[in-house]
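Q: Pasting start.tsv below, which is TSV, C-alpha atoms and all ligand atoms.
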```
chain	number	residue	atom	x	y	z
A	393	MET	CA	12.02	7.42	-7.34
A	394	ASN	CA	13.78	9.41	-10.09
A	395	PRO	CA	13.88	13.21	-10.12
A	396	PHE	CA	11.22	14.83	-12.32
A	397	ASN	CA	9.91	18.25	-13.32
A	398	TYR	CA	6.43	19.27	-12.27
A	399	SER	CA	3.90	21.58	-13.96
A	400	LYS	CA	0.32	22.41	-13.12
A	401	PRO	CA	-1.43	23.88	-16.18
A	402	VAL	CA	-4.90	25.41	-15.89
A	403	GLU	CA	-5.96	25.01	-19.54
A	404	VAL	CA	-6.26	21.82	-21.58
A	405	SER	CA	-4.19	23.36	-24.40
A	406	GLN	CA	-1.32	24.09	-21.98
A	407	ALA	CA	-1.36	20.52	-20.68
A	408	ILE	CA	-1.29	19.10	-24.21
A	409	ASN	CA	1.56	21.39	-25.27
A	410	LEU	CA	3.67	20.19	-22.34
A	411	ALA	CA	3.04	16.48	-23.07
A	412	GLY	CA	5.40	14.03	-24.75
A	413	ALA	CA	6.92	10.56	-24.55
A	414	ALA	CA	8.89	11.31	-21.37
A	415	SER	CA	6.03	13.03	-19.54
A	416	ARG	CA	2.95	11.74	-17.71
A	417	PHE	CA	-0.30	13.41	-16.84
A	418	ILE	CA	-1.13	12.89	-13.18
A	419	ALA	CA	-4.70	13.03	-11.88
A	420	GLY	CA	-5.49	11.19	-8.60
A	421	GLY	CA	-2.05	9.59	-8.64
A	422	THR	CA	-3.38	6.35	-7.15
A	423	ASN	CA	-1.72	4.22	-9.82
A	424	LEU	CA	1.01	6.43	-11.26
A	425	LEU	CA	2.66	7.22	-7.92
A	426	ASP	CA	2.88	3.51	-7.05
A	427	LEU	CA	4.49	2.85	-10.43
A	428	MET	CA	6.99	5.64	-9.86
A	429	LYS	CA	7.83	4.52	-6.32
A	430	GLU	CA	8.49	0.99	-7.59
A	431	ASN	CA	10.65	2.32	-10.48
A	432	ILE	CA	8.27	0.82	-13.03
A	433	ASP	CA	7.55	4.19	-14.59
A	434	ARG	CA	10.19	6.92	-14.60
A	435	PRO	CA	8.68	10.06	-16.16
A	436	GLU	CA	10.93	13.09	-16.53
A	437	HIS	CA	8.01	15.47	-16.29
A	438	LEU	CA	4.75	15.23	-14.34
A	439	ILE	CA	1.88	17.32	-15.69
A	440	ASP	CA	-0.60	17.72	-12.86
A	441	ILE	CA	-3.99	17.99	-14.55
A	442	THR	CA	-6.08	18.47	-11.41
A	443	GLY	CA	-6.43	22.20	-12.13
A	444	LEU	CA	-8.08	21.65	-15.54
A	445	PRO	CA	-11.78	22.40	-15.98
A	446	LEU	CA	-12.81	18.76	-16.56
A	447	LYS	CA	-14.85	18.09	-13.42
A	448	ASP	CA	-18.45	18.41	-14.64
A	449	ILE	CA	-21.15	15.92	-15.59
A	450	GLU	CA	-23.45	17.38	-18.25
A	451	GLU	CA	-26.44	16.20	-20.24
A	452	THR	CA	-25.85	15.80	-23.99
A	453	PRO	CA	-28.35	16.90	-26.66
A	454	SER	CA	-28.94	13.23	-27.55
A	455	GLY	CA	-30.09	12.38	-24.00
A	456	GLY	CA	-26.84	10.91	-22.75
A	457	LEU	CA	-24.24	12.27	-20.33
A	458	LEU	CA	-20.78	13.76	-20.76
A	459	ILE	CA	-18.50	12.99	-17.82
A	460	GLY	CA	-15.40	15.16	-17.35
A	461	ALA	CA	-12.18	13.17	-17.12
A	462	LEU	CA	-11.44	14.59	-13.66
A	463	VAL	CA	-14.73	13.60	-12.04
A	464	SER	CA	-13.68	11.36	-9.17
A	465	ASN	CA	-14.77	7.72	-9.12
A	466	ALA	CA	-16.73	8.45	-5.92
A	467	ASP	CA	-18.53	11.52	-7.31
A	468	LEU	CA	-19.39	9.58	-10.45
A	469	ALA	CA	-20.74	6.52	-8.67
A	470	TRP	CA	-22.92	8.57	-6.30
A	471	HIS	CA	-24.06	11.19	-8.82
A	472	PRO	CA	-27.89	11.27	-8.88
A	473	MET	CA	-28.02	11.12	-12.70
A	474	ILE	CA	-25.65	8.14	-12.79
A	475	GLU	CA	-27.52	6.31	-10.04
A	476	ALA	CA	-30.87	6.94	-11.73
A	477	ARG	CA	-29.90	6.44	-15.37
A	478	TYR	CA	-26.80	4.20	-15.37
A	479	PRO	CA	-26.99	2.01	-12.25
A	480	LEU	CA	-24.68	-0.54	-13.89
A	481	LEU	CA	-21.89	2.04	-13.89
A	482	SER	CA	-22.49	3.03	-10.26
A	483	GLN	CA	-22.46	-0.60	-9.22
A	484	ALA	CA	-19.22	-1.37	-11.09
A	485	ILE	CA	-17.36	1.62	-9.67
A	486	LEU	CA	-18.45	0.83	-6.12
A	487	ALA	CA	-17.19	-2.75	-6.55
A	488	GLY	CA	-13.67	-1.39	-7.04
A	489	ALA	CA	-10.86	-0.28	-4.73
A	490	SER	CA	-11.85	1.41	-1.43
A	491	PRO	CA	-13.78	4.58	-0.51
A	492	GLN	CA	-10.52	6.50	0.00
A	493	LEU	CA	-9.13	5.42	-3.37
A	494	ARG	CA	-12.41	6.20	-5.13
A	495	ASN	CA	-12.28	9.72	-3.66
A	496	MET	CA	-8.88	10.30	-5.24
A	497	ALA	CA	-9.15	8.30	-8.48
A	498	SER	CA	-10.36	10.08	-11.62
A	499	THR	CA	-12.51	8.84	-14.47
A	500	GLY	CA	-9.71	9.32	-17.03
A	501	GLY	CA	-7.10	7.71	-14.77
A	502	ASN	CA	-9.29	4.66	-14.21
A	503	LEU	CA	-9.21	3.91	-17.95
A	504	LEU	CA	-5.43	4.20	-18.01
A	505	GLN	CA	-4.50	2.25	-14.88
A	506	ARG	CA	-1.90	-0.39	-15.66
A	507	THR	CA	-2.21	-4.15	-15.28
A	508	ARG	CA	-1.80	-5.84	-11.91
A	509	CYS	CA	0.44	-8.61	-13.34
A	510	TYR	CA	2.96	-9.46	-10.59
A	511	TYR	CA	5.84	-9.50	-13.08
A	512	PHE	CA	5.02	-6.06	-14.45
A	513	TYR	CA	5.36	-4.68	-10.91
A	514	ASP	CA	8.65	-6.51	-10.21
A	515	SER	CA	11.45	-4.52	-11.81
A	516	ALA	CA	13.89	-7.39	-11.13
A	517	MET	CA	11.95	-9.59	-13.61
A	518	PRO	CA	11.64	-9.34	-17.39
A	519	CYS	CA	8.33	-8.07	-18.74
A	520	ASN	CA	7.47	-7.25	-22.34
A	521	LYS	CA	4.94	-4.67	-21.20
A	522	ARG	CA	7.53	-2.82	-19.12
A	523	GLU	CA	10.65	-3.60	-21.20
A	524	PRO	CA	9.66	-4.59	-24.77
A	525	GLY	CA	11.52	-7.68	-25.97
A	526	SER	CA	12.61	-8.82	-22.49
A	527	GLY	CA	10.17	-11.75	-22.22
A	528	CYS	CA	7.02	-12.78	-20.35
A	529	PRO	CA	7.67	-14.86	-17.22
A	530	ALA	CA	3.93	-14.93	-16.44
A	531	LYS	CA	3.31	-17.36	-19.32
A	532	THR	CA	5.04	-20.15	-17.43
A	533	GLY	CA	5.09	-18.65	-13.95
A	534	LEU	CA	2.43	-17.55	-11.48
A	535	ASN	CA	-0.49	-16.89	-13.77
A	536	ARG	CA	-3.59	-17.45	-11.67
A	537	ILE	CA	-4.88	-13.90	-12.27
A	538	HIS	CA	-3.94	-13.72	-15.94
A	539	ALA	CA	-5.78	-13.70	-19.25
A	540	ILE	CA	-7.78	-16.54	-20.75
A	541	LEU	CA	-8.96	-14.58	-23.80
A	542	GLY	CA	-7.10	-12.51	-26.40
A	543	ALA	CA	-3.62	-13.05	-24.93
A	544	SER	CA	-0.49	-13.26	-27.10
A	545	ASP	CA	2.88	-14.98	-26.95
A	546	ASP	CA	4.28	-11.70	-25.66
A	547	CYS	CA	1.80	-10.89	-22.89
A	548	VAL	CA	-0.91	-12.57	-20.81
A	549	ALA	CA	-1.77	-9.59	-18.59
A	550	THR	CA	-5.33	-8.45	-17.88
A	551	HIS	CA	-6.85	-4.99	-17.59
A	552	PRO	CA	-7.85	-4.54	-13.95
A	553	SER	CA	-10.61	-1.91	-14.08
A	554	ASP	CA	-14.19	-2.50	-12.95
A	555	MET	CA	-15.53	0.81	-14.24
A	556	CYS	CA	-14.26	0.05	-17.75
A	557	VAL	CA	-16.26	-3.18	-17.92
A	558	ALA	CA	-19.48	-1.24	-17.36
A	559	LEU	CA	-18.39	1.51	-19.79
A	560	ALA	CA	-17.71	-1.15	-22.44
A	561	ALA	CA	-21.19	-2.64	-21.93
A	562	LEU	CA	-22.78	0.80	-22.13
A	563	ASP	CA	-21.06	1.62	-25.46
A	564	ALA	CA	-19.34	4.68	-23.99
A	565	VAL	CA	-17.23	6.98	-26.15
A	566	VAL	CA	-13.86	8.39	-25.04
A	567	HIS	CA	-13.21	12.03	-25.99
A	568	VAL	CA	-9.53	12.94	-26.30
A	569	GLU	CA	-7.56	15.99	-27.31
A	570	GLY	CA	-3.97	16.26	-28.54
A	571	ARG	CA	-1.84	18.67	-30.52
A	572	ALA	CA	-3.39	17.29	-33.74
A	573	GLY	CA	-6.89	18.16	-32.48
A	574	LYS	CA	-9.85	16.40	-30.88
A	575	ARG	CA	-11.14	12.92	-31.58
A	576	SER	CA	-13.67	10.46	-30.20
A	577	ILE	CA	-12.88	6.77	-29.73
A	578	GLU	CA	-15.51	4.05	-29.30
A	579	PHE	CA	-14.89	2.33	-25.99
A	580	ALA	CA	-14.49	-1.06	-27.67
A	581	ASP	CA	-11.56	0.35	-29.69
A	582	PHE	CA	-9.91	2.33	-26.90
A	583	HIS	CA	-7.99	-0.47	-25.17
A	584	ARG	CA	-5.79	-2.84	-27.19
A	585	LEU	CA	-5.08	-6.55	-27.17
A	586	PRO	CA	-1.38	-7.16	-26.45
A	587	GLU	CA	-0.32	-8.76	-29.77
A	588	ASP	CA	3.43	-8.12	-30.24
A	589	SER	CA	3.40	-4.68	-28.59
A	590	PRO	CA	2.01	-5.14	-25.07
A	591	GLN	CA	3.76	-1.97	-23.91
A	592	ARG	CA	0.83	-0.11	-25.49
A	593	ASP	CA	-2.35	-0.56	-23.46
A	594	ASN	CA	-4.53	1.70	-25.59
A	595	GLN	CA	-4.80	3.89	-28.69
A	596	LEU	CA	-3.72	7.19	-27.13
A	597	ALA	CA	-0.79	9.15	-28.55
A	598	ASP	CA	1.78	10.54	-26.09
A	599	ASP	CA	0.34	14.05	-26.25
A	600	GLU	CA	-3.32	13.06	-26.03
A	601	LEU	CA	-5.37	13.84	-22.95
A	602	ILE	CA	-8.69	12.19	-22.13
A	603	THR	CA	-11.09	15.10	-21.66
A	604	ALA	CA	-14.41	13.28	-21.18
A	605	ILE	CA	-16.36	10.03	-21.41
A	606	GLU	CA	-19.72	10.13	-23.14
A	607	LEU	CA	-22.55	7.79	-22.22
A	608	PRO	CA	-25.22	7.22	-24.87
A	609	PRO	CA	-28.85	7.46	-23.70
A	610	ALA	CA	-29.46	3.72	-23.20
A	611	GLY	CA	-28.75	3.04	-19.53
A	612	PHE	CA	-30.58	-0.31	-19.13
A	613	VAL	CA	-32.07	1.09	-15.94
A	614	SER	CA	-34.52	-1.73	-15.22
A	615	HIS	CA	-32.34	-4.74	-16.01
A	616	SER	CA	-28.62	-4.55	-15.38
A	617	HIS	CA	-26.16	-6.14	-13.01
A	618	TYR	CA	-22.42	-5.99	-12.31
A	619	LEU	CA	-21.03	-9.13	-10.75
A	620	LYS	CA	-17.46	-9.17	-9.48
A	621	ILE	CA	-15.78	-12.37	-8.31
A	622	ARG	CA	-12.60	-11.81	-6.31
A	623	ASP	CA	-10.48	-13.40	-3.62
A	624	ARG	CA	-11.92	-11.25	-0.80
A	625	ALA	CA	-15.07	-9.21	-0.49
A	626	SER	CA	-13.50	-5.76	-0.83
A	627	TYR	CA	-10.27	-4.05	-1.83
A	628	ALA	CA	-9.39	-6.75	-4.37
A	629	PHE	CA	-9.25	-6.81	-8.15
A	630	ALA	CA	-11.61	-9.02	-10.14
A	631	LEU	CA	-10.66	-12.57	-11.00
A	632	VAL	CA	-13.69	-12.43	-13.28
A	633	SER	CA	-16.35	-9.76	-13.54
A	634	VAL	CA	-19.45	-9.42	-15.69
A	635	ALA	CA	-21.46	-6.37	-16.71
A	636	ALA	CA	-24.83	-7.61	-17.95
A	637	ALA	CA	-27.65	-5.43	-19.27
A	638	LEU	CA	-30.96	-6.42	-20.82
A	639	GLU	CA	-33.87	-4.70	-22.45
A	640	LEU	CA	-36.90	-6.96	-22.16
A	641	ASP	CA	-40.28	-7.11	-23.81
A	642	GLY	CA	-42.16	-9.37	-21.42
A	643	ASP	CA	-39.71	-12.22	-21.13
A	644	ILE	CA	-38.24	-11.74	-24.61
A	645	ILE	CA	-34.77	-10.23	-24.88
A	646	ARG	CA	-34.88	-7.18	-27.18
A	647	ASP	CA	-31.38	-5.87	-26.51
A	648	VAL	CA	-28.47	-7.17	-24.48
A	649	ARG	CA	-24.97	-6.11	-23.48
A	650	LEU	CA	-22.40	-8.41	-21.95
A	651	ALA	CA	-18.85	-7.43	-21.02
A	652	LEU	CA	-16.25	-9.37	-19.03
A	653	GLY	CA	-13.47	-8.07	-16.81
A	654	GLY	CA	-10.42	-9.85	-15.41
A	655	VAL	CA	-10.11	-12.20	-18.38
A	656	ALA	CA	-8.29	-10.21	-21.08
A	657	HIS	CA	-6.02	-7.26	-21.84
A	658	LYS	CA	-9.17	-5.18	-22.32
A	659	PRO	CA	-12.83	-5.40	-21.32
A	660	TRP	CA	-14.12	-8.34	-23.37
A	661	ARG	CA	-17.23	-8.11	-25.51
A	662	ASP	CA	-18.50	-10.44	-28.20
A	663	LYS	CA	-21.22	-8.84	-30.31
A	664	ALA	CA	-22.06	-12.14	-32.04
A	665	VAL	CA	-22.99	-13.62	-28.65
A	666	GLU	CA	-25.14	-10.61	-27.84
A	667	GLU	CA	-26.89	-10.90	-31.24
A	668	SER	CA	-27.54	-14.59	-30.58
A	669	LEU	CA	-29.48	-13.72	-27.42
A	670	LYS	CA	-31.78	-11.20	-29.09
A	671	GLY	CA	-35.31	-12.52	-29.59
A	672	LYS	CA	-34.73	-15.39	-27.17
A	673	PRO	CA	-36.75	-15.78	-23.98
A	674	VAL	CA	-35.18	-15.12	-20.61
A	675	SER	CA	-34.15	-18.61	-19.59
A	676	ARG	CA	-31.26	-20.43	-17.98
A	677	GLU	CA	-30.85	-22.36	-21.25
A	678	SER	CA	-30.31	-19.17	-23.33
A	679	PHE	CA	-27.91	-17.77	-20.74
A	680	VAL	CA	-25.87	-20.97	-20.49
A	681	ALA	CA	-25.58	-21.11	-24.31
A	682	ALA	CA	-24.40	-17.47	-24.37
A	683	ALA	CA	-21.88	-18.12	-21.60
A	684	ASP	CA	-20.46	-21.14	-23.41
A	685	ALA	CA	-20.17	-19.16	-26.65
A	686	MET	CA	-18.52	-16.23	-24.90
A	687	LEU	CA	-15.74	-18.52	-23.60
A	688	ARG	CA	-15.40	-20.71	-26.70
A	689	ASP	CA	-11.95	-19.31	-27.57
A	690	ALA	CA	-10.64	-19.27	-24.00
A	691	ARG	CA	-7.09	-20.61	-23.60
A	692	PRO	CA	-6.05	-21.36	-20.02
A	693	LEU	CA	-2.54	-21.10	-18.61
A	694	ALA	CA	-1.19	-23.53	-16.01
A	695	HIS	CA	-2.90	-21.87	-13.02
A	696	ASN	CA	-6.01	-20.14	-14.33
A	697	ALA	CA	-8.15	-22.81	-16.02
A	698	PHE	CA	-10.66	-22.28	-13.19
A	699	LYS	CA	-11.46	-18.88	-14.71
A	700	ILE	CA	-13.22	-20.46	-17.68
A	701	LYS	CA	-15.89	-22.22	-15.63
A	702	LEU	CA	-16.00	-19.27	-13.22
A	703	ALA	CA	-16.65	-16.85	-16.09
A	704	GLN	CA	-19.35	-19.08	-17.57
A	705	ARG	CA	-21.16	-19.33	-14.25
A	706	ALA	CA	-20.72	-15.63	-13.54
A	707	ILE	CA	-22.27	-14.75	-16.91
A	708	VAL	CA	-25.32	-16.92	-16.22
A	709	ARG	CA	-25.73	-15.42	-12.77
A	710	ALA	CA	-25.24	-11.81	-13.90
A	711	LEU	CA	-27.74	-12.21	-16.75
A	712	SER	CA	-30.23	-13.91	-14.41
A	713	ASP	CA	-29.87	-11.14	-11.81
A	714	ALA	CA	-30.19	-8.48	-14.52
A	715	ALA	CA	-33.38	-10.15	-15.80
A	716	VAL	CA	-35.05	-9.83	-12.40
A	717	GLY	CA	-33.91	-6.24	-12.01
A	718	GLY	CA	-30.63	-6.98	-10.33
A	719	ASN	CA	-29.15	-3.51	-10.02
A	720	VAL	CA	-31.16	-2.51	-6.96
A	801	LIG	C1	-4.90	-0.77	-3.55
A	801	LIG	C2	-5.67	-0.46	-4.80
A	801	LIG	C3	-6.80	-1.19	-5.11
A	801	LIG	C4	-7.52	-0.91	-6.26
A	801	LIG	N1	-8.62	-1.68	-6.57
A	801	LIG	C5	-9.29	-1.43	-7.73
A	801	LIG	C6	-10.39	-2.22	-8.11
A	801	LIG	O1	-10.80	-3.15	-7.39
A	801	LIG	N2	-11.01	-1.93	-9.30
A	801	LIG	C7	-10.60	-0.91	-10.09
A	801	LIG	O2	-11.21	-0.68	-11.13
A	801	LIG	N3	-9.53	-0.16	-9.77
A	801	LIG	C8	-8.88	-0.41	-8.61
A	801	LIG	N4	-7.80	0.35	-8.30
A	801	LIG	C9	-7.25	1.26	-9.29
A	801	LIG	C10	-7.76	2.65	-9.22
A	801	LIG	O3	-9.12	2.65	-9.61
A	801	LIG	C11	-6.91	3.44	-10.19
A	801	LIG	O4	-5.63	3.56	-9.60
A	801	LIG	C12	-7.48	4.81	-10.46
A	801	LIG	O5	-8.73	4.72	-11.08
A	801	LIG	C13	-6.55	5.61	-11.33
A	801	LIG	O6	-7.04	6.95	-11.39
A	801	LIG	P1	-6.07	8.16	-10.98
A	801	LIG	O7	-6.83	9.40	-11.27
A	801	LIG	O8	-5.56	8.01	-9.59
A	801	LIG	O9	-4.93	7.93	-12.04
A	801	LIG	P2	-3.38	8.35	-11.97
A	801	LIG	O10	-2.65	7.42	-11.08
A	801	LIG	O11	-3.24	9.80	-11.74
A	801	LIG	O12	-2.99	8.06	-13.49
A	801	LIG	C14	-3.03	6.76	-14.03
A	801	LIG	C15	-2.58	6.84	-15.49
A	801	LIG	O13	-3.55	7.58	-16.23
A	801	LIG	C16	-2.94	8.69	-16.90
A	801	LIG	N5	-3.96	9.73	-16.88
A	801	LIG	C17	-4.72	10.12	-15.83
A	801	LIG	N6	-5.68	10.95	-16.24
A	801	LIG	C18	-5.52	11.11	-17.57
A	801	LIG	C19	-6.20	11.86	-18.58
A	801	LIG	N7	-7.30	12.60	-18.31
A	801	LIG	N8	-5.78	11.77	-19.87
A	801	LIG	C20	-4.69	11.01	-20.18
A	801	LIG	N9	-4.00	10.31	-19.27
A	801	LIG	C21	-4.41	10.35	-17.99
A	801	LIG	C22	-1.68	8.98	-16.10
A	801	LIG	O14	-0.70	9.58	-16.92
A	801	LIG	C23	-1.28	7.58	-15.67
A	801	LIG	O15	-0.55	6.96	-16.70
A	801	LIG	C24	-7.09	0.12	-7.12
A	801	LIG	C25	-5.95	0.88	-6.80
A	801	LIG	C26	-5.24	0.60	-5.66
A	801	LIG	C27	-4.02	1.42	-5.35
```
Would you mind writing the file out in structure tokens?

A:
Amino acid sequence: MNPFNYSKPVEVSQAINLAGAASRFIAGGTNLLDLMKENIDRPEHLIDITGLPLKDIEETPSGGLLIGALVSNADLAWHPMIEARYPLLSQAILAGASPQLRNMASTGGNLLQRTRCYYFYDSAMPCNKREPGSGCPAKTGLNRIHAILGASDDCVATHPSDMCVALAALDAVVHVEGRAGKRSIEFADFHRLPEDSPQRDNQLADDELITAIELPPAGFVSHSHYLKIRDRASYAFALVSVAAALELDGDIIRDVRLALGGVAHKPWRDKAVEESLKGKPVSRESFVAAADAMLRDARPLAHNAFKIKLAQRAIVRALSDAAVGGNV
């Protein structure tokens, strides 16, 4: 690990004024410390943000919730308002990591955790995400866990978060603050596809801090389900995951949200597929058609073609479970 300076500001403005390209905010440290120990990330300055007043969950005037960036994953998943109004989010968070990690991990940090691509974590190997221009050995190497949607010639990594898949489905908004002021970013626009600059996972500037995540009022309480398919039953990242949410009128679909994890550089949504389900009856036929459409542009690598069929089946199952009230 390289030497670094350490600061612990108590105000958001102080934290932002200390930030820059060579610094990192540190919250729970459950991802950043691993990256530093493996020499993948070598910040010169750590800005410990755990003293900032960003630990509350508040109701918004519109009927949604504002979640402070430092609320732990455990506190968020078990919060009575989240359990009652956004069970999809609770379920997704509890599908991730372990109880100990969820106690440490923060809401903001979860959004910014780095990929689990083996080559990214191996500093002896090239990696365009870690060292722009050095190459992508995953394209022709071990790529069982890699992307089938939205990948580029430069990067086939996936985003590993479970929580983010639910936040994408719920149309969350990310509130950030930097030296240029505050701004709000729609969740769908927050993470990036790799294109020719995979070193950038998201739209944040170096001095921007995530302060909160806002959930709109619609929580799909009666009909939502998070399905995570992984190599073992706990403490493993998703090979494929699905956040499915339905609003039903009898057996007619009035509104639907569908987001996939484990398949792309960001949580994957396709609004055209969601539109195509609206007005249709709840049926295996509608769900199979949606699943096929969702994967129509999938491009497998040598070792991950299984993910296409797996994702299609997972979508059908998650929608079916959501339809019968699958979050309980
Ligand atoms: C063994 C293991 C298994 C795991 N399994 C899963 C899993 O199954 N599913 C899953 O979703 N996750 C999993 N995780 C990942 C875990 O959820 C993340 O490590 C965690 O959410 C990161 O939060 P943190 O607060 O610890 O972030 P940190 O490690 O403190 O920071 C991560 C990054 O976010 C930045 N950052 C943190 N907070 C802010 C902020 N407010 N504004 C701007 N930048 C910020 C930091 O600078 C850093 O770049 C696992 C982790 C481990 C170690």

Q: Using only C-alpha atoms and all ligand atoms, find each residue in chain A having at least one atom no more than 7 Å away from ligand LIG 801 (chain A); report its shortest atom-to-atom pair and that distance in Å (one decimal), rows by chain then rising number, as CSV.

A:
```
residue,atom,partner,partner_atom,distance
A:Arg416,CA,A:LIG801,O14,4.3
A:Phe417,CA,A:LIG801,O14,3.9
A:Ile418,CA,A:LIG801,O11,4.0
A:Ala419,CA,A:LIG801,O11,3.5
A:Gly420,CA,A:LIG801,O8,3.3
A:Gly421,CA,A:LIG801,O10,3.3
A:Thr422,CA,A:LIG801,O8,3.7
A:Asn423,CA,A:LIG801,O10,3.6
A:Leu424,CA,A:LIG801,O10,3.8
A:Leu425,CA,A:LIG801,O10,6.2
A:Ala461,CA,A:LIG801,N7,5.1
A:Leu462,CA,A:LIG801,N7,6.5
A:Ile485,CA,A:LIG801,O2,6.7
A:Ala487,CA,A:LIG801,O1,6.5
A:Gly488,CA,A:LIG801,O1,3.4
A:Ala489,CA,A:LIG801,N1,3.2
A:Ser490,CA,A:LIG801,C3,6.8
A:Leu493,CA,A:LIG801,C25,6.5
A:Arg494,CA,A:LIG801,O3,6.6
A:Met496,CA,A:LIG801,O8,5.9
A:Ala497,CA,A:LIG801,O8,3.8
A:Ser498,CA,A:LIG801,O7,3.6
A:Thr499,CA,A:LIG801,O5,6.5
A:Gly500,CA,A:LIG801,N7,4.3
A:Gly501,CA,A:LIG801,O6,3.5
A:Asn502,CA,A:LIG801,O5,3.2
A:Leu503,CA,A:LIG801,O5,6.9
A:Leu504,CA,A:LIG801,O13,4.3
A:Gln505,CA,A:LIG801,C14,4.8
A:Pro552,CA,A:LIG801,O2,5.8
A:Ser553,CA,A:LIG801,O2,3.3
A:Asp554,CA,A:LIG801,O2,3.9
A:Met555,CA,A:LIG801,O2,5.5
A:Glu600,CA,A:LIG801,C20,6.3
A:Leu601,CA,A:LIG801,N8,3.7
A:Ile602,CA,A:LIG801,N8,3.7
A:Thr603,CA,A:LIG801,N7,5.6
A:Tyr627,CA,A:LIG801,N1,5.6
A:Ala628,CA,A:LIG801,O1,4.9
A:Phe629,CA,A:LIG801,O1,4.0
A:Ala630,CA,A:LIG801,O1,6.5
```

Q: Check which residues of region 509-554 of chain A sit at most 9 Å from region 574-590 of chain A using only C-alpha atoms, and return one row each with the closest pair of atoms and their distance in Å to one decimal, ordered by chain and rising number, as CSV.

A:
```
residue,atom,partner,partner_atom,distance
A:Asn520,CA,A:Pro590,CA,6.5
A:Lys521,CA,A:Pro590,CA,4.9
A:Arg522,CA,A:Pro590,CA,8.4
A:Pro524,CA,A:Ser589,CA,7.3
A:Gly542,CA,A:Leu585,CA,6.3
A:Ala543,CA,A:Pro586,CA,6.5
A:Ser544,CA,A:Glu587,CA,5.2
A:Asp545,CA,A:Glu587,CA,7.5
A:Asp546,CA,A:Asp588,CA,5.9
A:Cys547,CA,A:Pro586,CA,6.1
A:Val548,CA,A:Pro586,CA,7.8
A:Ala549,CA,A:Pro586,CA,8.2
A:His551,CA,A:His583,CA,8.9
```

Q: If we count all atoms listed in the file and set the cut-off at 10 Å, which residues sit around Glu523 (chain A), ignoring sequence neighbours fewer than 4 positions away in its own chain? Please answer as an mmCIF file with C-alpha atoms, in the coordinates of the input.

A:
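Ended up saving to selection.cif:
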```
data_model
loop_
_atom_site.group_PDB
_atom_site.id
_atom_site.type_symbol
_atom_site.label_atom_id
_atom_site.label_comp_id
_atom_site.auth_asym_id
_atom_site.auth_seq_id
_atom_site.Cartn_x
_atom_site.Cartn_y
_atom_site.Cartn_z
ATOM 1 C CA ILE A 432 8.270 0.820 -13.030
ATOM 2 C CA PHE A 512 5.020 -6.060 -14.450
ATOM 3 C CA SER A 515 11.450 -4.520 -11.810
ATOM 4 C CA MET A 517 11.950 -9.590 -13.610
ATOM 5 C CA PRO A 518 11.640 -9.340 -17.390
ATOM 6 C CA CYS A 519 8.330 -8.070 -18.740
ATOM 7 C CA GLY A 527 10.170 -11.750 -22.220
ATOM 8 C CA CYS A 528 7.020 -12.780 -20.350
ATOM 9 C CA PRO A 590 2.010 -5.140 -25.070
ATOM 10 C CA GLN A 591 3.760 -1.970 -23.910
#
```

Q: Counting all atoms listed in the file, which of A:Gln483, A:Ser678, A:Asn594, A:Ser614 gets nearest to Val634 (chain A)?

A: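 Of the candidates, the smallest distance to Val634 (chain A) is held by A:Gln483.
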
Q: Taking into account only C-alpha atoms, which residue in the set A:Ala604, A:Asn397, A:Ala636, A:Val402 is nearest to Arg709 (chain A)?

A: A:Ala636

Q: Taking only C-alpha atoms into account, which of A:Ala656, A:Leu559, A:Leu444, A:Val463 comes nearest Cys509 (chain A)?

A: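 Of the candidates, the smallest distance to Cys509 (chain A) is held by A:Ala656.
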
Q: Go ahead and find all residues with at least one atom no further than 8 Å from (5.6, 15.1, -17.6) in the file's coordinates, using all atoms listed in the file; report them as a list in words.

A: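 Answer for this query, in the requested form: Phe396, Asn397, Tyr398, Ser399, Leu410, Ala411, Gly412, Ala414, Ser415, Arg416, Phe417, Pro435, Glu436, His437, Leu438 and Ile439 of chain A.
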
Q: With C-alpha atoms retained, could you export that selection as an mmCIF file, in the frame of the given file?

A:
```
data_model
loop_
_atom_site.group_PDB
_atom_site.id
_atom_site.type_symbol
_atom_site.label_atom_id
_atom_site.label_comp_id
_atom_site.auth_asym_id
_atom_site.auth_seq_id
_atom_site.Cartn_x
_atom_site.Cartn_y
_atom_site.Cartn_z
ATOM 1 C CA PHE A 396 11.220 14.830 -12.320
ATOM 2 C CA ASN A 397 9.910 18.250 -13.320
ATOM 3 C CA TYR A 398 6.430 19.270 -12.270
ATOM 4 C CA SER A 399 3.900 21.580 -13.960
ATOM 5 C CA LEU A 410 3.670 20.190 -22.340
ATOM 6 C CA ALA A 411 3.040 16.480 -23.070
ATOM 7 C CA GLY A 412 5.400 14.030 -24.750
ATOM 8 C CA ALA A 414 8.890 11.310 -21.370
ATOM 9 C CA SER A 415 6.030 13.030 -19.540
ATOM 10 C CA ARG A 416 2.950 11.740 -17.710
ATOM 11 C CA PHE A 417 -0.300 13.410 -16.840
ATOM 12 C CA PRO A 435 8.680 10.060 -16.160
ATOM 13 C CA GLU A 436 10.930 13.090 -16.530
ATOM 14 C CA HIS A 437 8.010 15.470 -16.290
ATOM 15 C CA LEU A 438 4.750 15.230 -14.340
ATOM 16 C CA ILE A 439 1.880 17.320 -15.690
#
```

Q: Considering all atoms listed in the file, return as a PyMOL selection string whatever protein or nucleic-acid residues lie within 9 Å of Trp470 (chain A), sequence-local ones (same chain, fewer than 5 positions apart) excluded.

A: chain A and resi 465+475+482+486
